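The structure file data16.cif is reproduced below (mmCIF, C-alpha atoms).
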data_target
loop_
_atom_site.group_PDB
_atom_site.id
_atom_site.type_symbol
_atom_site.label_atom_id
_atom_site.label_comp_id
_atom_site.auth_asym_id
_atom_site.auth_seq_id
_atom_site.Cartn_x
_atom_site.Cartn_y
_atom_site.Cartn_z
ATOM 1 C CA MET B 25 -62.003 -28.514 100.891
ATOM 2 C CA SER B 26 -59.399 -26.886 103.089
ATOM 3 C CA GLY B 27 -57.298 -23.915 101.994
ATOM 4 C CA LEU B 28 -54.191 -26.095 101.883
ATOM 5 C CA GLU B 29 -55.811 -28.618 99.591
ATOM 6 C CA THR B 30 -56.943 -25.812 97.292
ATOM 7 C CA ILE B 31 -53.365 -24.462 97.076
ATOM 8 C CA LYS B 32 -52.039 -27.985 96.367
ATOM 9 C CA ILE B 33 -54.525 -28.393 93.515
ATOM 10 C CA ILE B 34 -53.586 -25.014 92.027
ATOM 11 C CA VAL B 35 -49.822 -25.698 92.339
ATOM 12 C CA GLY B 36 -50.410 -29.086 90.682
ATOM 13 C CA ALA B 37 -52.251 -27.379 87.842
ATOM 14 C CA GLU B 38 -49.442 -24.822 87.473
ATOM 15 C CA LYS B 39 -46.892 -27.656 87.322
ATOM 16 C CA GLU B 40 -48.936 -29.430 84.665
ATOM 17 C CA ALA B 41 -49.199 -26.191 82.686
ATOM 18 C CA SER B 42 -45.464 -25.655 82.972
ATOM 19 C CA ARG B 43 -44.800 -29.249 81.812
ATOM 20 C CA MET B 44 -47.132 -28.695 78.858
ATOM 21 C CA LEU B 45 -45.194 -25.567 77.818
ATOM 22 C CA GLU B 46 -41.833 -27.283 78.232
ATOM 23 C CA GLU B 47 -43.100 -30.172 76.126
ATOM 24 C CA ALA B 48 -44.304 -27.705 73.481
ATOM 25 C CA GLN B 49 -40.912 -25.947 73.491
ATOM 26 C CA ARG B 50 -39.163 -29.312 73.113
ATOM 27 C CA LYS B 51 -41.420 -30.236 70.172
ATOM 28 C CA ALA B 52 -40.869 -26.827 68.560
ATOM 29 C CA THR B 53 -37.085 -27.237 68.888
ATOM 30 C CA GLU B 54 -37.388 -30.736 67.420
ATOM 31 C CA ILE B 55 -39.433 -29.404 64.457
ATOM 32 C CA ARG B 56 -36.868 -26.666 63.829
ATOM 33 C CA LYS B 57 -34.007 -29.137 64.073
ATOM 34 C CA GLN B 58 -35.495 -31.330 61.372
ATOM 35 C CA ILE B 59 -35.774 -28.482 58.853
ATOM 36 C CA ASP B 60 -32.114 -28.656 57.761
ATOM 37 C CA VAL B 61 -32.354 -32.365 57.093
ATOM 38 C CA THR B 62 -35.680 -31.939 55.258
ATOM 39 C CA ILE B 63 -34.296 -29.133 53.095
ATOM 40 C CA GLU B 64 -31.139 -31.086 52.319
ATOM 41 C CA ASN B 65 -33.161 -34.161 51.369
ATOM 42 C CA GLN B 66 -35.558 -32.263 49.138
ATOM 43 C CA ARG B 67 -32.743 -30.238 47.572
ATOM 44 C CA SER B 68 -30.712 -33.334 46.932
ATOM 45 C CA GLU B 69 -33.730 -35.037 45.348
ATOM 46 C CA ALA B 70 -34.612 -32.041 43.153
ATOM 47 C CA LEU B 71 -31.030 -31.433 42.019
ATOM 48 C CA GLY B 72 -30.386 -35.141 41.500
ATOM 49 C CA SER B 73 -33.432 -35.341 39.278
ATOM 50 C CA ALA B 74 -32.419 -32.192 37.382
ATOM 51 C CA LYS B 75 -28.888 -33.528 36.960
ATOM 52 C CA GLN B 76 -30.233 -36.739 35.490
ATOM 53 C CA LYS B 77 -32.540 -34.831 33.150
ATOM 54 C CA ALA B 78 -29.641 -32.581 32.098
ATOM 55 C CA ALA B 79 -27.490 -35.639 31.381
ATOM 56 C CA GLU B 80 -30.291 -37.102 29.260
ATOM 57 C CA ILE B 81 -30.639 -33.824 27.339
ATOM 58 C CA THR B 82 -26.916 -33.639 26.487
ATOM 59 C CA GLU B 83 -26.774 -37.356 25.722
ATOM 60 C CA ARG B 84 -29.700 -37.000 23.319
ATOM 61 C CA ALA B 85 -28.028 -33.965 21.749
ATOM 62 C CA GLU B 86 -24.818 -35.970 21.206
ATOM 63 C CA SER B 87 -26.800 -38.664 19.480
ATOM 64 C CA GLU B 88 -28.914 -36.254 17.417
ATOM 65 C CA GLY B 89 -25.852 -34.191 16.498
ATOM 66 C CA LYS B 90 -24.053 -37.339 15.405
ATOM 67 C CA SER B 91 -26.969 -38.404 13.208
ATOM 68 C CA GLU B 92 -27.264 -34.919 11.768
ATOM 69 C CA ALA B 93 -23.515 -34.835 11.050
ATOM 70 C CA GLU B 94 -23.664 -38.273 9.410
ATOM 71 C CA LYS B 95 -26.611 -37.199 7.275
ATOM 72 C CA PHE B 96 -24.757 -34.047 6.241
ATOM 73 C CA GLU B 97 -21.648 -36.090 5.463
ATOM 74 C CA ARG B 98 -23.611 -38.596 3.342
ATOM 75 C CA GLU B 99 -25.260 -35.838 1.309
ATOM 76 C CA SER B 100 -22.070 -33.814 0.932
ATOM 77 C CA SER B 101 -19.882 -36.799 0.063
ATOM 78 C CA GLY B 102 -22.126 -37.399 -2.941
ATOM 79 C CA LYS B 103 -21.723 -33.777 -4.013
ATOM 80 C CA LEU B 104 -17.946 -34.003 -3.531
ATOM 81 C CA ARG B 105 -17.730 -37.159 -5.649
ATOM 82 C CA GLU B 106 -19.711 -35.371 -8.341
ATOM 83 C CA LEU B 107 -17.390 -32.349 -8.139
ATOM 84 C CA VAL B 108 -14.289 -34.581 -8.481
ATOM 85 C CA THR B 109 -15.798 -36.496 -11.414
ATOM 86 C CA ASN B 110 -16.742 -33.264 -13.195
ATOM 87 C CA ALA B 111 -13.343 -31.685 -12.618
ATOM 88 C CA SER B 112 -11.523 -34.844 -13.697
ATOM 89 C CA SER B 113 -13.395 -34.853 -16.975
ATOM 90 C CA LYS B 114 -12.223 -31.270 -17.616
ATOM 91 C CA LYS B 115 -8.547 -31.888 -16.839
ATOM 92 C CA GLU B 116 -7.399 -32.407 -20.416
ATOM 93 C CA SER B 117 -9.079 -29.279 -21.778
ATOM 94 C CA ALA B 118 -7.765 -27.292 -18.809
ATOM 95 C CA VAL B 119 -4.197 -28.437 -19.489
ATOM 96 C CA LYS B 120 -4.546 -27.405 -23.138
ATOM 97 C CA ARG B 121 -5.806 -23.953 -22.165
ATOM 98 C CA LEU B 122 -3.054 -23.462 -19.576
ATOM 99 C CA VAL B 123 -0.344 -24.570 -21.993
ATOM 100 C CA GLU B 124 -1.682 -21.948 -24.413
ATOM 101 C CA LEU B 125 -1.392 -19.348 -21.666
ATOM 102 C CA VAL B 126 2.176 -20.352 -20.782
ATOM 103 C CA LEU B 127 3.281 -20.303 -24.411
ATOM 104 C CA SER B 128 1.430 -17.147 -25.387
ATOM 105 C CA MET I 14 -67.900 -27.194 89.318
ATOM 106 C CA SER I 15 -66.085 -25.645 92.266
ATOM 107 C CA GLU I 16 -64.260 -22.375 91.953
ATOM 108 C CA THR I 17 -60.917 -24.141 92.419
ATOM 109 C CA ALA I 18 -61.692 -26.690 89.711
ATOM 110 C CA LYS I 19 -62.710 -23.912 87.314
ATOM 111 C CA PHE I 20 -59.505 -21.996 88.117
ATOM 112 C CA THR I 21 -57.234 -24.994 87.505
ATOM 113 C CA GLU I 22 -59.170 -25.817 84.349
ATOM 114 C CA ASP I 23 -58.471 -22.264 83.079
ATOM 115 C CA ILE I 24 -54.752 -22.556 83.910
ATOM 116 C CA LEU I 25 -54.530 -25.797 81.927
ATOM 117 C CA LEU I 26 -56.600 -24.429 79.038
ATOM 118 C CA ILE I 27 -54.369 -21.387 78.710
ATOM 119 C CA ALA I 28 -51.261 -23.585 78.908
ATOM 120 C CA ARG I 29 -52.673 -25.925 76.259
ATOM 121 C CA GLU I 30 -53.423 -23.003 73.951
ATOM 122 C CA LYS I 31 -49.995 -21.497 74.490
ATOM 123 C CA ALA I 32 -48.330 -24.869 73.896
ATOM 124 C CA GLN I 33 -50.309 -25.256 70.673
ATOM 125 C CA SER I 34 -49.311 -21.760 69.630
ATOM 126 C CA ILE I 35 -45.597 -22.508 70.255
ATOM 127 C CA ILE I 36 -45.811 -25.625 68.096
ATOM 128 C CA SER I 37 -47.846 -23.879 65.384
ATOM 129 C CA LYS I 38 -45.348 -21.017 65.287
ATOM 130 C CA ALA I 39 -42.486 -23.488 64.911
ATOM 131 C CA GLN I 40 -44.353 -25.269 62.147
ATOM 132 C CA GLU I 41 -45.089 -21.973 60.366
ATOM 133 C CA ASP I 42 -41.417 -20.964 60.611
ATOM 134 C CA VAL I 43 -40.352 -24.306 59.233
ATOM 135 C CA ASP I 44 -42.881 -24.106 56.384
ATOM 136 C CA ARG I 45 -41.704 -20.623 55.469
ATOM 137 C CA ILE I 46 -38.026 -21.602 55.544
ATOM 138 C CA LEU I 47 -38.769 -24.741 53.550
ATOM 139 C CA ASN I 48 -40.705 -22.788 50.925
ATOM 140 C CA GLU I 49 -37.869 -20.287 50.549
ATOM 141 C CA ALA I 50 -35.336 -23.083 50.301
ATOM 142 C CA LYS I 51 -37.549 -24.935 47.805
ATOM 143 C CA SER I 52 -37.853 -21.870 45.663
ATOM 144 C CA ASN I 53 -34.034 -21.548 45.652
ATOM 145 C CA PHE I 54 -33.184 -25.134 44.850
ATOM 146 C CA LEU I 55 -35.943 -25.419 42.254
ATOM 147 C CA ARG I 56 -34.471 -22.366 40.551
ATOM 148 C CA GLU I 57 -31.069 -24.038 40.799
ATOM 149 C CA ALA I 58 -32.487 -27.207 39.220
ATOM 150 C CA SER I 59 -34.224 -25.205 36.510
ATOM 151 C CA GLU I 60 -30.965 -23.424 35.695
ATOM 152 C CA MET I 61 -29.192 -26.756 35.512
ATOM 153 C CA ILE I 62 -31.661 -27.940 32.869
ATOM 154 C CA LYS I 63 -31.525 -24.629 31.010
ATOM 155 C CA ASN I 64 -27.719 -24.877 30.899
ATOM 156 C CA ALA I 65 -27.990 -28.440 29.647
ATOM 157 C CA GLU I 66 -30.303 -27.282 26.847
ATOM 158 C CA THR I 67 -27.848 -24.558 25.859
ATOM 159 C CA GLU I 68 -25.023 -27.072 25.957
ATOM 160 C CA ALA I 69 -27.105 -29.524 23.916
ATOM 161 C CA GLU I 70 -27.593 -26.918 21.208
ATOM 162 C CA ALA I 71 -23.853 -26.234 21.218
ATOM 163 C CA ILE I 72 -23.121 -29.963 20.962
ATOM 164 C CA ARG I 73 -25.431 -30.346 17.956
ATOM 165 C CA ARG I 74 -23.933 -27.309 16.251
ATOM 166 C CA ARG I 75 -20.369 -28.388 17.030
ATOM 167 C CA GLN I 76 -20.896 -31.841 15.553
ATOM 168 C CA VAL I 77 -22.406 -30.503 12.343
ATOM 169 C CA SER I 78 -19.759 -27.810 12.159
ATOM 170 C CA GLU I 79 -16.981 -30.389 12.614
ATOM 171 C CA ALA I 80 -18.479 -32.545 9.881
ATOM 172 C CA ARG I 81 -18.752 -29.473 7.640
ATOM 173 C CA HIS I 82 -15.149 -28.487 8.375
ATOM 174 C CA ALA I 83 -13.852 -32.023 7.743
ATOM 175 C CA LEU I 84 -15.706 -32.113 4.448
ATOM 176 C CA LYS I 85 -14.368 -28.701 3.472
ATOM 177 C CA LEU I 86 -10.856 -30.008 4.120
ATOM 178 C CA ARG I 87 -11.515 -33.148 2.070
ATOM 179 C CA GLU I 88 -12.930 -31.002 -0.724
ATOM 180 C CA GLN I 89 -9.880 -28.738 -0.605
ATOM 181 C CA GLU I 90 -7.570 -31.779 -0.628
ATOM 182 C CA GLU I 91 -9.324 -33.256 -3.648
ATOM 183 C CA LYS I 92 -9.234 -29.930 -5.476
ATOM 184 C CA ASN I 93 -5.557 -29.444 -4.658
ATOM 185 C CA LYS I 94 -4.805 -32.939 -5.946
ATOM 186 C CA ILE I 95 -6.512 -32.204 -9.265
ATOM 187 C CA LEU I 96 -4.987 -28.714 -9.521
ATOM 188 C CA THR I 97 -1.481 -30.028 -8.819
ATOM 189 C CA GLU I 98 -1.957 -32.746 -11.417
ATOM 190 C CA VAL I 99 -3.172 -30.234 -14.010
ATOM 191 C CA LEU I 100 -0.352 -27.753 -13.285
ATOM 192 C CA ASP I 101 2.305 -30.502 -13.407
ATOM 193 C CA GLN I 102 0.865 -31.733 -16.669
ATOM 194 C CA THR I 103 0.806 -28.159 -18.014
ATOM 195 C CA ARG I 104 4.461 -27.622 -17.102
ATOM 196 C CA LYS I 105 5.414 -30.939 -18.722
ATOM 197 C CA ARG I 106 3.310 -30.295 -21.828
ATOM 198 C CA ALA I 107 4.650 -26.723 -22.195
ATOM 199 C CA SER I 108 8.237 -27.994 -21.951
ATOM 200 C CA GLU I 109 7.519 -30.494 -24.719
ATOM 201 C CA ILE I 110 7.368 -27.613 -27.178
ATOM 202 C CA THR I 111 11.178 -27.923 -27.382
ATOM 203 C CA VAL I 112 10.727 -31.237 -29.225
ATOM 204 C CA ASP I 113 9.028 -29.498 -32.148
ATOM 205 C CA GLU I 114 11.980 -27.502 -33.495
ATOM 206 C CA ASN I 115 10.054 -25.111 -35.735
ATOM 207 C CA ARG I 116 7.415 -24.322 -33.170
ATOM 208 C CA TYR I 117 10.018 -23.913 -30.454
ATOM 209 C CA LEU I 118 12.137 -21.628 -32.648
ATOM 210 C CA GLN I 119 9.105 -19.388 -33.129
ATOM 211 C CA TYR I 120 8.467 -19.357 -29.404
ATOM 212 C CA LEU I 121 12.128 -18.730 -28.536
ATOM 213 C CA THR I 122 12.137 -15.913 -31.064
ATOM 214 C CA LYS I 123 9.108 -14.372 -29.418
ATOM 215 C CA LEU I 124 10.681 -14.639 -25.933
ATOM 216 C CA SER I 125 13.906 -13.093 -27.262
ATOM 217 C CA VAL I 126 12.146 -10.244 -29.096
ATOM 218 C CA ASP I 127 9.978 -9.468 -26.061
ATOM 219 C CA GLY I 128 13.117 -9.340 -23.909
ATOM 220 C CA ILE I 129 15.103 -7.230 -26.346
ATOM 221 C CA GLN I 130 12.258 -4.726 -26.633
ATOM 222 C CA GLU I 131 11.890 -4.644 -22.896
ATOM 223 C CA ILE I 132 15.599 -4.102 -22.240
ATOM 224 C CA GLY I 133 15.578 -1.341 -24.900
ATOM 225 C CA LEU I 134 19.277 -1.566 -25.872
ATOM 226 C CA GLU I 135 20.901 -1.973 -29.278
ATOM 227 C CA ASN I 136 23.489 -4.506 -28.187
ATOM 228 C CA VAL I 137 22.270 -7.474 -26.264
ATOM 229 C CA VAL I 138 23.512 -10.901 -25.240
ATOM 230 C CA LEU I 139 21.228 -13.950 -25.353
ATOM 231 C CA HIS I 140 21.810 -16.776 -22.902
ATOM 232 C CA LEU I 141 20.465 -20.212 -23.883
ATOM 233 C CA ASN I 142 20.789 -23.726 -22.499
ATOM 234 C CA ALA I 143 23.390 -26.046 -24.043
ATOM 235 C CA GLY I 144 20.902 -27.826 -26.330
ATOM 236 C CA ASP I 145 19.440 -24.591 -27.662
ATOM 237 C CA VAL I 146 22.901 -23.072 -28.203
ATOM 238 C CA LYS I 147 23.681 -26.068 -30.350
ATOM 239 C CA ARG I 148 20.382 -25.891 -32.271
ATOM 240 C CA PHE I 149 19.816 -22.156 -32.664
ATOM 241 C CA GLY I 150 22.900 -20.409 -31.342
ATOM 242 C CA GLY I 151 24.284 -19.510 -34.751
ATOM 243 C CA GLU I 152 22.332 -17.767 -37.443
ATOM 244 C CA LYS I 153 18.965 -19.461 -37.048
ATOM 245 C CA LEU I 154 17.612 -17.569 -34.058
ATOM 246 C CA ASN I 155 19.394 -14.349 -35.012
ATOM 247 C CA ARG I 156 17.698 -14.381 -38.390
ATOM 248 C CA GLU I 157 14.269 -14.908 -36.909
ATOM 249 C CA ILE I 158 14.820 -12.112 -34.381
ATOM 250 C CA SER I 159 15.996 -9.686 -37.097
ATOM 251 C CA LYS I 160 12.850 -10.417 -39.088
ATOM 252 C CA GLN I 161 10.667 -9.297 -36.231
ATOM 253 C CA LEU I 162 12.582 -6.261 -34.978
ATOM 254 C CA GLN I 163 12.086 -2.898 -36.724
ATOM 255 C CA LYS I 164 15.652 -1.757 -35.997
ATOM 256 C CA PRO I 165 17.694 -4.841 -35.245
ATOM 257 C CA GLY I 166 20.811 -4.177 -33.198
ATOM 258 C CA LYS I 167 23.703 -6.445 -32.454
ATOM 259 C CA VAL I 168 22.702 -9.760 -30.928
ATOM 260 C CA GLU I 169 25.391 -11.932 -29.418
ATOM 261 C CA PHE I 170 25.139 -15.354 -27.835
ATOM 262 C CA ALA I 171 26.732 -16.034 -24.461
ATOM 263 C CA GLN I 172 29.505 -18.664 -24.485
ATOM 264 C CA GLN I 173 28.411 -20.111 -21.158
ATOM 265 C CA PRO I 174 25.120 -22.076 -21.431
ATOM 266 C CA ILE I 175 22.496 -21.548 -18.737
ATOM 267 C CA ASP I 176 20.763 -24.226 -16.707
ATOM 268 C CA THR I 177 17.130 -24.152 -17.849
ATOM 269 C CA ALA I 178 14.586 -26.416 -19.528
ATOM 270 C CA GLY I 179 14.135 -23.786 -22.248
ATOM 271 C CA GLY I 180 13.677 -20.125 -22.959
ATOM 272 C CA VAL I 181 16.209 -17.336 -22.884
ATOM 273 C CA ILE I 182 17.864 -14.724 -20.712
ATOM 274 C CA ILE I 183 18.467 -11.372 -22.435
ATOM 275 C CA SER I 184 21.155 -9.160 -20.909
ATOM 276 C CA ASN I 185 23.212 -6.116 -21.722
ATOM 277 C CA THR I 186 26.827 -6.740 -22.693
ATOM 278 C CA ASP I 187 28.256 -6.575 -19.179
ATOM 279 C CA GLY I 188 25.399 -8.637 -17.708
ATOM 280 C CA THR I 189 24.256 -5.968 -15.265
ATOM 281 C CA ILE I 190 20.749 -5.816 -16.744
ATOM 282 C CA ARG I 191 18.898 -9.054 -17.343
ATOM 283 C CA ILE I 192 15.457 -9.994 -18.573
ATOM 284 C CA VAL I 193 14.768 -13.581 -17.620
ATOM 285 C CA ASN I 194 12.418 -15.330 -20.051
ATOM 286 C CA THR I 195 13.197 -18.935 -19.216
ATOM 287 C CA PHE I 196 10.469 -21.573 -18.887
ATOM 288 C CA GLU I 197 10.982 -21.756 -15.123
ATOM 289 C CA GLN I 198 10.681 -18.020 -14.634
ATOM 290 C CA ARG I 199 7.721 -17.776 -16.934
ATOM 291 C CA TYR I 200 5.994 -20.578 -15.177
ATOM 292 C CA GLU I 201 6.715 -19.053 -11.788
ATOM 293 C CA ALA I 202 5.454 -15.644 -12.903
ATOM 294 C CA LEU I 203 2.307 -17.174 -14.327
ATOM 295 C CA GLU I 204 1.631 -19.642 -11.527
ATOM 296 C CA ALA I 205 -0.918 -17.526 -9.631
ATOM 297 C CA ARG I 206 -2.760 -16.739 -12.851
ATOM 298 C CA LEU I 207 -2.634 -20.384 -13.919
ATOM 299 C CA LEU I 208 -4.090 -21.421 -10.576
ATOM 300 C CA ILE I 209 -6.966 -18.979 -10.924
ATOM 301 C CA GLU I 210 -7.567 -20.016 -14.502
ATOM 302 C CA ALA I 211 -7.421 -23.709 -13.583
ATOM 303 C CA GLY I 212 -9.893 -23.100 -10.728
ATOM 304 C CA LYS I 213 -12.303 -21.464 -13.171
ATOM 305 C CA LEU I 214 -11.922 -24.184 -15.780
ATOM 306 C CA LEU I 215 -12.139 -27.133 -13.415
ATOM 307 C CA PHE I 216 -14.441 -25.968 -10.646
ATOM 308 C CA ASN I 217 -16.192 -22.927 -12.132
ATOM 309 C CA GLU I 218 -14.719 -20.833 -9.298
#

Could you show the structure in this file as structure tokens?
Amino acid sequence: MSGLETIKIIVGAEKEASRMLEEAQRKATEIRKQIDVTIENQRSEALGSAKQKAAEITERAESEGKSEAEKFERESSGKLRELVTNASSKKESAVKRLVELVLS
Amino acid sequence: MSETAKFTEDILLIAREKAQSIISKAQEDVDRILNEAKSNFLREASEMIKNAETEAEAIRRRQVSEARHALKLREQEEKNKILTEVLDQTRKRASEITVDENRYLQYLTKLSVDGIQEIGLENVVLHLNAGDVKRFGGEKLNREISKQLQKPGKVEFAQQPIDTAGGVIISNTDGTIRIVNTFEQRYEALEARLLIEAGKLLFNE
């Protein structure tokens, strides 16, 4: 092999090495570029899922609160009816006592 | 292998390793950034759910509290209805005493005597409504009052009748001092007490 051929082979190898490094730099830039999109996608997915779960939680609370309020109302309405019935039965005696007070 | 081949092989090996290192470094950077970002948005998501749970608790409490408040209002309305009915009936029933002449005369006497003692003067003027002036304005009431007073003074009856359902106004002769013992005044003065009493009797309050 002549000296010139040897130099040609080495220059060729240097070129190949340089191409390899450029290709690696291009890939690295490509990887870095994709990070924003990846983060945005994952963030959007995680927050979307959390938002849906949050909506389900409040929706369930609305429904449970409504049932609880209805239960409370049913129980208390019975007590109120009882209170009105009791008081109504005492009206006459109350009037008598108050008339006594007014005329005393 | 020739020296040249070995040399070029080394150049390419080093380049390959360096290229791999550049890509690995990029991948590591990306993984680190992604992990940091993940940690942030997962915390954000977790806070979103935590807030929803807090809100859910508030929703439950609000609904029960609204139901409780509405019921309290209904209860108060019902109580007020019964109380108003009882107080109206009391006022009506108390006024009916005027129908029973003897009983009313006793009551009117008591109101007059209380007023005369309170005013503390010898000469007083009694003011009655037109019906009572006609029924008791002469001797009848005067006689009853004299019976009950230790030192009866001079009791006159005003010419001008007063506008009242019953009872009496006791004044000095020039009308500058007045003790009002009419039904309306008595009822008004007693109203707060009657309400409390009615509450106790009807609702054990």

Distance query stretch 105-121 of chain B at most 8 Å, only C-alpha atoms, self and fewer than 5 positions along chain excluded, as number ranges by chain = I: 91-92, 95, 99-100, 102-103, 211, 214-216

Neighbours of chain I in chain B at 7 Å, counting only C-alpha atoms, as number ranges by chain = B: 30, 34, 37-38, 41, 44-45, 48-49, 51-52, 55-56, 59, 63, 67, 70-71, 74-75, 77-78, 81-82, 85-86, 88-90, 92-93, 97, 104, 111, 114-115, 118-119, 122-123, 126-127

Which polymer residues, protein or nucleic acid, are no farther than 10 Å from (21.7, -20.8, -31.4), counting all atoms listed in the file, as a ChimeraX atom specification?
-> /I:118,139-155,169-171

With 4 Å added on each side, what axis-aligned box encloses every listed atom of stretch 94-98 of chain B? Give the centre and edge lengths in Å to one decimal, as JSON.
{"center_x": -24.1, "center_y": -36.3, "center_z": 6.4, "size_x": 13.0, "size_y": 12.5, "size_z": 14.1}

Expressed in Å, the length from atom CA of I:Thr122 to atom CA of I:Glu157 is 6.3 Å

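Here atom CA of I:Val138 is placed at a distance of 17.5 Å from atom CA of I:Lys160.
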
In Å, with one decimal, what is the gap from atom CA of I:Gly179 to atom CA of I:Gly133?
->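 Separating atom CA of I:Gly179 from atom CA of I:Gly133 is a distance of 22.6 Å.
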
Between I:Leu162, I:Glu135, I:Lys167, I:Gly180, which one has atoms that come closest to I:Ile192, using all atoms listed in the file?
-> I:Gly180

Would you kindly translate the PyMOL selection byres ((chain I and resi 136) around 7) into the concrete residues it picks from this file, as a list in words?
-> Leu134, Glu135, Val137, Gly166, Lys167, Val168, Asn185 and Thr186 of chain I

C-alpha atoms of stretch 39-99 of chain B, written as a CSV table (one decimal), in the first residue's frame:
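Result went into out36.csv, see below:
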chain,number,residue,atom,x,y,z
B,39,LYS,CA,-15.0,11.4,7.5
B,40,GLU,CA,-17.0,8.4,8.6
B,41,ALA,CA,-16.3,9.2,12.3
B,42,SER,CA,-17.4,12.8,11.7
B,43,ARG,CA,-20.6,11.6,10.0
B,44,MET,CA,-21.3,9.3,13.0
B,45,LEU,CA,-20.9,12.1,15.4
B,46,GLU,CA,-23.1,14.5,13.4
B,47,GLU,CA,-25.7,11.7,13.2
B,48,ALA,CA,-25.5,11.3,17.0
B,49,GLN,CA,-25.9,15.0,17.5
B,50,ARG,CA,-28.9,15.1,15.2
B,51,LYS,CA,-30.5,12.2,17.1
B,52,ALA,CA,-29.8,13.8,20.4
B,53,THR,CA,-31.4,17.1,19.2
B,54,GLU,CA,-34.4,15.0,18.0
B,55,ILE,CA,-34.7,13.3,21.4
B,56,ARG,CA,-34.5,16.6,23.2
B,57,LYS,CA,-37.1,18.1,20.9
B,58,GLN,CA,-39.6,15.4,21.6
B,59,ILE,CA,-39.5,15.9,25.4
B,60,ASP,CA,-41.9,18.9,25.4
B,61,VAL,CA,-44.4,17.0,23.4
B,62,THR,CA,-44.0,13.9,25.6
B,63,ILE,CA,-44.4,16.0,28.8
B,64,GLU,CA,-47.4,17.8,27.5
B,65,ASN,CA,-49.0,14.5,26.4
B,66,GLN,CA,-48.4,12.8,29.8
B,67,ARG,CA,-49.4,15.9,31.7
B,68,SER,CA,-52.6,16.3,29.7
B,69,GLU,CA,-53.4,12.6,30.3
B,70,ALA,CA,-52.7,12.7,34.0
B,71,LEU,CA,-54.6,16.0,34.6
B,72,GLY,CA,-57.5,14.8,32.4
B,73,SER,CA,-57.8,11.7,34.4
B,74,ALA,CA,-57.6,13.6,37.7
B,75,LYS,CA,-60.2,16.1,36.4
B,76,GLN,CA,-62.6,13.3,35.6
B,77,LYS,CA,-62.0,11.6,39.0
B,78,ALA,CA,-62.6,15.0,40.7
B,79,ALA,CA,-65.8,15.4,38.8
B,80,GLU,CA,-66.9,12.0,39.8
B,81,ILE,CA,-66.1,12.7,43.5
B,82,THR,CA,-68.2,16.0,43.5
B,83,GLU,CA,-71.0,14.4,41.5
B,84,ARG,CA,-71.1,11.5,44.0
B,85,ALA,CA,-71.1,14.0,46.9
B,86,GLU,CA,-74.0,15.9,45.3
B,87,SER,CA,-76.0,12.7,45.1
B,88,GLU,CA,-75.0,11.5,48.6
B,89,GLY,CA,-75.7,14.9,50.1
B,90,LYS,CA,-79.1,15.0,48.5
B,91,SER,CA,-80.0,11.6,49.9
B,92,GLU,CA,-78.7,12.5,53.3
B,93,ALA,CA,-80.7,15.8,53.2
B,94,GLU,CA,-83.9,13.9,52.1
B,95,LYS,CA,-83.4,11.4,54.9
B,96,PHE,CA,-83.0,14.2,57.4
B,97,GLU,CA,-86.1,15.9,56.0
B,98,ARG,CA,-88.2,12.7,56.2
B,99,GLU,CA,-87.2,12.1,59.8
